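Everything below belongs to upload15.cif, which stores mmCIF, C-alpha atoms.
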data_query
loop_
_atom_site.label_atom_id
_atom_site.label_comp_id
_atom_site.auth_asym_id
_atom_site.auth_seq_id
_atom_site.Cartn_x
_atom_site.Cartn_y
_atom_site.Cartn_z
CA ALA W 1 -78.84 -3.90 38.14
CA GLN W 2 -79.18 -3.67 34.40
CA LYS W 3 -76.09 -3.94 32.29
CA ILE W 4 -75.62 -3.25 28.62
CA THR W 5 -72.69 -4.41 26.51
CA GLN W 6 -71.38 -3.43 23.12
CA THR W 7 -68.53 -5.80 22.38
CA GLN W 8 -67.21 -4.16 19.20
CA PRO W 9 -65.12 -1.06 19.96
CA GLY W 10 -64.64 -0.44 16.24
CA MET W 11 -65.86 -1.80 12.93
CA PHE W 12 -65.20 -1.23 9.25
CA VAL W 13 -67.71 -1.71 6.44
CA GLN W 14 -67.50 -1.16 2.72
CA GLU W 15 -69.79 1.49 1.30
CA LYS W 16 -73.14 0.04 0.10
CA GLU W 17 -72.77 -3.10 2.20
CA ALA W 18 -74.83 -3.98 5.27
CA VAL W 19 -73.35 -4.00 8.77
CA THR W 20 -74.54 -5.31 12.13
CA LEU W 21 -73.62 -3.63 15.40
CA ASP W 22 -73.99 -5.83 18.46
CA CYS W 23 -75.75 -4.99 21.70
CA THR W 24 -76.52 -7.34 24.56
CA TYR W 25 -78.17 -6.57 27.86
CA ASP W 26 -78.76 -8.16 31.20
CA THR W 27 -82.00 -7.55 33.05
CA SER W 28 -84.63 -9.27 35.12
CA ASP W 29 -87.29 -6.70 34.15
CA PRO W 30 -90.08 -8.22 32.06
CA SER W 31 -90.78 -4.89 30.39
CA TYR W 32 -88.06 -2.73 28.91
CA GLY W 33 -86.94 -0.85 25.84
CA LEU W 34 -83.80 -0.61 23.77
CA PHE W 35 -82.69 2.58 22.00
CA TRP W 36 -79.96 3.19 19.45
CA TYR W 37 -78.25 6.56 19.02
CA LYS W 38 -75.73 7.81 16.49
CA GLN W 39 -72.98 10.26 17.41
CA PRO W 40 -71.13 11.68 14.39
CA SER W 41 -67.78 13.40 14.77
CA SER W 42 -69.61 16.71 15.30
CA GLY W 43 -70.70 15.33 18.68
CA GLU W 44 -74.48 15.50 18.74
CA MET W 45 -76.53 12.48 19.79
CA ILE W 46 -79.12 11.44 17.22
CA PHE W 47 -81.93 9.00 18.02
CA LEU W 48 -82.19 6.22 15.43
CA ILE W 49 -84.56 3.48 16.50
CA TYR W 50 -86.48 1.96 19.42
CA GLN W 51 -87.48 -1.61 20.30
CA GLY W 52 -89.86 -2.50 23.11
CA SER W 53 -89.62 -5.87 24.80
CA TYR W 54 -93.26 -6.65 24.05
CA ASP W 55 -93.26 -5.36 20.50
CA GLN W 56 -94.51 -8.04 18.15
CA GLN W 57 -92.19 -7.12 15.32
CA ASN W 58 -88.59 -6.03 15.04
CA ALA W 59 -88.31 -2.28 14.65
CA THR W 60 -87.36 -0.69 11.34
CA GLU W 61 -86.65 2.93 10.40
CA GLY W 62 -85.51 3.45 6.85
CA ARG W 63 -82.08 1.80 6.46
CA TYR W 64 -81.98 0.94 10.17
CA SER W 65 -83.47 -2.21 11.60
CA LEU W 66 -83.21 -4.07 14.86
CA ASN W 67 -82.45 -7.76 15.08
CA PHE W 68 -84.15 -8.28 18.43
CA GLN W 69 -83.68 -11.70 20.05
CA LYS W 70 -85.38 -11.53 23.40
CA ALA W 71 -84.31 -14.97 24.62
CA ARG W 72 -80.69 -14.15 23.89
CA LYS W 73 -81.10 -10.63 25.31
CA SER W 74 -79.65 -9.02 22.23
CA ALA W 75 -80.77 -6.03 20.17
CA ASN W 76 -78.38 -5.68 17.27
CA LEU W 77 -78.59 -2.71 14.93
CA VAL W 78 -78.48 -3.49 11.23
CA ILE W 79 -77.61 -0.72 8.80
CA SER W 80 -78.32 -1.61 5.20
CA ALA W 81 -76.58 -0.08 2.19
CA SER W 82 -73.96 1.77 4.25
CA GLN W 83 -73.12 5.32 3.29
CA LEU W 84 -70.05 7.41 4.05
CA GLY W 85 -72.23 9.55 6.31
CA ASP W 86 -72.88 6.53 8.51
CA SER W 87 -69.36 6.77 9.88
CA ALA W 88 -69.92 7.60 13.55
CA MET W 89 -70.12 6.23 17.07
CA TYR W 90 -73.22 4.17 17.76
CA PHE W 91 -74.63 3.72 21.23
CA CYS W 92 -77.15 1.20 22.48
CA ALA W 93 -79.19 2.21 25.53
CA PHE W 94 -81.48 0.28 27.87
CA ARG W 95 -84.52 1.52 29.76
CA GLY W 96 -86.42 -0.54 32.29
CA MET W 97 -90.16 0.06 32.41
CA ASN W 98 -90.52 -0.24 36.15
CA TYR W 99 -91.16 3.44 36.65
CA GLY W 100 -90.32 3.62 40.30
CA GLY W 101 -87.19 5.51 41.21
CA SER W 102 -84.55 5.68 38.50
CA GLN W 103 -85.82 2.76 36.46
CA GLY W 104 -87.02 5.02 33.68
CA ASN W 105 -83.53 6.35 33.01
CA LEU W 106 -81.38 5.29 30.08
CA ILE W 107 -78.32 3.12 30.62
CA PHE W 108 -75.83 3.43 27.78
CA GLY W 109 -73.33 0.96 26.38
CA LYS W 110 -69.79 2.08 25.66
CA GLY W 111 -70.41 2.42 21.95
CA THR W 112 -69.09 1.09 18.65
CA LYS W 113 -67.14 3.26 16.24
CA LEU W 114 -68.23 2.49 12.68
CA SER W 115 -66.06 3.51 9.75
CA VAL W 116 -67.46 3.26 6.24
CA LYS W 117 -64.84 2.78 3.52
CA PRO W 118 -65.42 4.14 0.01
CA ASN Z 1 -87.26 25.51 17.03
CA ALA Z 2 -84.00 25.35 19.00
CA GLY Z 3 -84.67 22.05 20.83
CA VAL Z 4 -82.06 21.62 23.57
CA THR Z 5 -79.32 24.20 23.89
CA GLN Z 6 -76.28 24.25 26.18
CA THR Z 7 -74.13 27.12 27.37
CA PRO Z 8 -71.15 27.38 27.13
CA LYS Z 9 -69.85 25.15 24.32
CA PHE Z 10 -66.33 25.00 25.71
CA ARG Z 11 -64.69 26.05 28.96
CA VAL Z 12 -61.30 25.77 30.62
CA LEU Z 13 -61.19 25.83 34.41
CA LYS Z 14 -58.42 25.69 36.96
CA THR Z 15 -58.65 23.17 39.76
CA GLY Z 16 -60.84 24.52 42.54
CA GLN Z 17 -62.78 26.98 40.40
CA SER Z 18 -66.53 26.81 40.15
CA MET Z 19 -68.85 27.10 37.20
CA THR Z 20 -72.41 26.50 36.09
CA LEU Z 21 -73.52 24.83 32.89
CA LEU Z 22 -76.87 25.91 31.56
CA CYS Z 23 -79.29 23.70 29.68
CA ALA Z 24 -82.45 25.07 28.10
CA GLN Z 25 -85.21 23.30 26.18
CA ASP Z 26 -88.15 24.75 24.33
CA MET Z 27 -90.19 21.55 23.92
CA ASN Z 28 -92.08 21.83 27.22
CA HIS Z 29 -90.53 18.56 28.39
CA GLU Z 30 -90.99 17.43 31.98
CA TYR Z 31 -87.84 15.33 32.20
CA MET Z 32 -84.30 16.68 31.96
CA TYR Z 33 -80.93 14.98 32.37
CA TRP Z 34 -77.25 15.72 32.70
CA TYR Z 35 -74.70 13.18 31.39
CA ARG Z 36 -70.97 13.10 31.11
CA GLN Z 37 -69.14 11.34 28.30
CA ASP Z 38 -65.59 10.14 28.73
CA PRO Z 39 -63.52 8.25 26.14
CA GLY Z 40 -64.49 4.60 26.03
CA MET Z 41 -67.15 5.02 28.70
CA GLY Z 42 -70.32 5.92 26.86
CA LEU Z 43 -72.69 8.33 28.59
CA ARG Z 44 -73.16 8.24 32.34
CA LEU Z 45 -76.01 9.95 34.12
CA ILE Z 46 -75.04 12.61 36.64
CA HIS Z 47 -78.38 14.02 37.81
CA TYR Z 48 -81.87 14.19 36.45
CA SER Z 49 -85.17 15.95 37.03
CA VAL Z 50 -88.70 14.69 36.53
CA GLY Z 51 -90.28 18.12 36.74
CA GLU Z 52 -89.86 21.71 37.80
CA GLY Z 53 -88.45 21.95 41.31
CA THR Z 54 -87.32 18.31 41.45
CA THR Z 55 -83.87 16.77 41.12
CA ALA Z 56 -82.42 13.32 41.73
CA LYS Z 57 -79.01 11.66 41.66
CA GLY Z 58 -77.87 9.52 38.80
CA GLU Z 59 -74.96 7.13 38.48
CA VAL Z 60 -72.10 9.61 39.04
CA PRO Z 61 -73.41 12.57 41.09
CA ASP Z 62 -70.40 13.30 43.32
CA GLY Z 63 -68.89 16.75 42.82
CA TYR Z 64 -71.95 18.12 41.01
CA ASN Z 65 -75.12 19.92 42.01
CA VAL Z 66 -78.18 20.75 39.96
CA SER Z 67 -81.22 22.96 40.06
CA ARG Z 68 -84.47 23.07 38.11
CA LEU Z 69 -86.12 26.31 39.14
CA LYS Z 70 -87.87 26.71 35.80
CA LYS Z 71 -89.32 23.93 33.69
CA GLN Z 72 -87.29 24.87 30.65
CA ASN Z 73 -83.91 25.15 32.40
CA PHE Z 74 -81.66 22.64 34.12
CA LEU Z 75 -78.43 23.90 35.64
CA LEU Z 76 -75.38 21.80 36.46
CA GLY Z 77 -72.93 23.24 38.96
CA LEU Z 78 -69.36 22.34 39.80
CA GLU Z 79 -68.50 23.91 43.14
CA SER Z 80 -64.79 23.03 43.15
CA ALA Z 81 -63.63 21.63 39.83
CA ALA Z 82 -61.19 18.73 39.71
CA PRO Z 83 -59.18 17.34 36.77
CA SER Z 84 -61.34 14.18 36.96
CA GLN Z 85 -64.27 16.33 35.86
CA THR Z 86 -62.65 16.98 32.50
CA SER Z 87 -65.28 15.60 30.15
CA VAL Z 88 -67.95 16.36 27.61
CA TYR Z 89 -71.25 17.16 29.26
CA PHE Z 90 -74.56 16.51 27.57
CA CYS Z 91 -77.96 17.72 28.58
CA ALA Z 92 -81.08 15.92 27.41
CA SER Z 93 -84.81 16.29 27.79
CA SER Z 94 -87.82 14.08 27.19
CA ALA Z 95 -91.58 14.25 27.40
CA GLY Z 96 -91.63 11.15 29.57
CA THR Z 97 -90.19 7.68 29.83
CA GLY Z 98 -91.37 4.42 28.27
CA ARG Z 99 -91.00 4.49 24.50
CA VAL Z 100 -90.17 8.18 24.53
CA THR Z 101 -86.69 9.11 23.38
CA GLN Z 102 -84.47 11.73 24.93
CA TYR Z 103 -83.40 14.75 22.88
CA PHE Z 104 -79.82 15.84 23.41
CA GLY Z 105 -78.08 19.17 23.40
CA PRO Z 106 -74.85 19.73 21.44
CA GLY Z 107 -72.62 19.17 24.46
CA THR Z 108 -70.19 21.25 26.53
CA ARG Z 109 -66.53 20.42 26.48
CA LEU Z 110 -64.92 21.10 29.87
CA LEU Z 111 -61.21 21.01 30.57
CA VAL Z 112 -60.05 21.26 34.16
CA LEU Z 113 -56.36 21.98 34.58
#
Mind turning this structure into structure tokens?
Amino acid sequence: AQKITQTQPGMFVQEKEAVTLDCTYDTSDPSYGLFWYKQPSSGEMIFLIYQGSYDQQNATEGRYSLNFQKARKSANLVISASQLGDSAMYFCAFRGMNYGGSQGNLIFGKGTKLSVKP
Amino acid sequence: NAGVTQTPKFRVLKTGQSMTLLCAQDMNHEYMYWYRQDPGMGLRLIHYSVGEGTTAKGEVPDGYNVSRLKKQNFLLGLESAAPSQTSVYFCASSAGTGRVTQYFGPGTRLLVL
């Protein structure tokens, strides 16, 4: 069974600095995808970025980028130029691409709470 | 465009009471999901549906039932609530799987006394 791990329960970063949030996964699937979501204190889940296992380049979306290291099975989220509004919980999620049964469902990590200091 | 909506936003139940959580989406998505979020646990899948009239069990289905009679609605039922079901419940929908993300509702906070 797939497993996804976020080892940092909480992190602090100074405003305007970059921060990396760790995510590792364990799978034997050759094809899969990694998602990152942000959950601010208001509670909603906001999709940030996606990385496919066969994508040729690391994903980027504005200030968000993925440091994807397939051999190490890690998909770390990098937030550049942190802003106060980045303070939130961040969740990494795994999806296997074997579409049979429940393999298309998302498996979430336990999350990392990021606090941005002014 | 409302996206995914959930009703109610907050509810207090006594042990043994029943209730139904309603999820509605206006994006014509085939797939719908119910998750629960507990402190330090991330989101765990309760049940999901891959289309109107279909449902399937997720990771933590015990104590819950679901129905998808209409494509736009996905109902989550608690027949006999227990304190262990105190949680925040999220509904999500998606157009498919693969690279497609899920869109989440605002959540329902449930307290079972």
For chain W, work out the contacting residues on chain Z at 6 Å, counting all atoms listed in the file, and write them as a PyMOL selection string. chain Z and resi 40-43+97+104+106
Tell me which protein, DNA and RNA residues are within 10 Å of Gln8 of chain W, counting all atoms listed in the file, leaving out same-chain ones fewer than 3 positions away, and put them as an mmCIF file with C-alpha atoms, in the frame of the given file.
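Output saved as part.cif:
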data_model
loop_
_atom_site.group_PDB
_atom_site.id
_atom_site.type_symbol
_atom_site.label_atom_id
_atom_site.label_comp_id
_atom_site.auth_asym_id
_atom_site.auth_seq_id
_atom_site.Cartn_x
_atom_site.Cartn_y
_atom_site.Cartn_z
ATOM 1 C CA THR W 5 -72.690 -4.410 26.510
ATOM 2 C CA MET W 11 -65.860 -1.800 12.930
ATOM 3 C CA LEU W 21 -73.620 -3.630 15.400
ATOM 4 C CA ASP W 22 -73.990 -5.830 18.460
ATOM 5 C CA CYS W 23 -75.750 -4.990 21.700
ATOM 6 C CA LYS W 110 -69.790 2.080 25.660
ATOM 7 C CA GLY W 111 -70.410 2.420 21.950
ATOM 8 C CA THR W 112 -69.090 1.090 18.650
ATOM 9 C CA LYS W 113 -67.140 3.260 16.240
ATOM 10 C CA LEU W 114 -68.230 2.490 12.680
#
Write out as a PyMOL selection string which residues come within 10 Å of Val60 of chain Z when counting all atoms listed in the file, dropping same-chain ones fewer than 3 positions away. chain Z and resi 35-36+44-47+57+63-64
One decimal, Å: what's the distance from atom CA of Phe74 of chain Z over to atom CA of Gln25 of chain Z, could you say? 8.7 Å
Would you work out the distance separating atom CA of Arg109 of chain Z from atom CA of Gln2 of chain W, expressed in Å to one decimal?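 The value is 28.3 Å.
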Applying 12 Å and all atoms listed in the file, which residues near segment 31-33 of chain Z remain after dropping the ones on its own chain fewer than 5 positions away? List them as a VMD selection string. (chain W and resid 102 104 to 106) or (chain Z and resid 4 22 to 26 43 to 59 61 66 to 68 70 to 76 89 to 97 100 to 105)
Option closest in space to Pro30 of chain W, from W:Glu61, W:Lys73, W:Gln83, W:Lys16 [counting only C-alpha atoms]: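 Selected residue with least distance to Pro30 of chain W: W:Lys73.
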(-79.6, -6.7, 33.1) in this file's frame - what residues fall within 9 Å of it? Use only C-alpha atoms and give the answer as a PyMOL selection string. chain W and resi 1-4+25-29+73+94
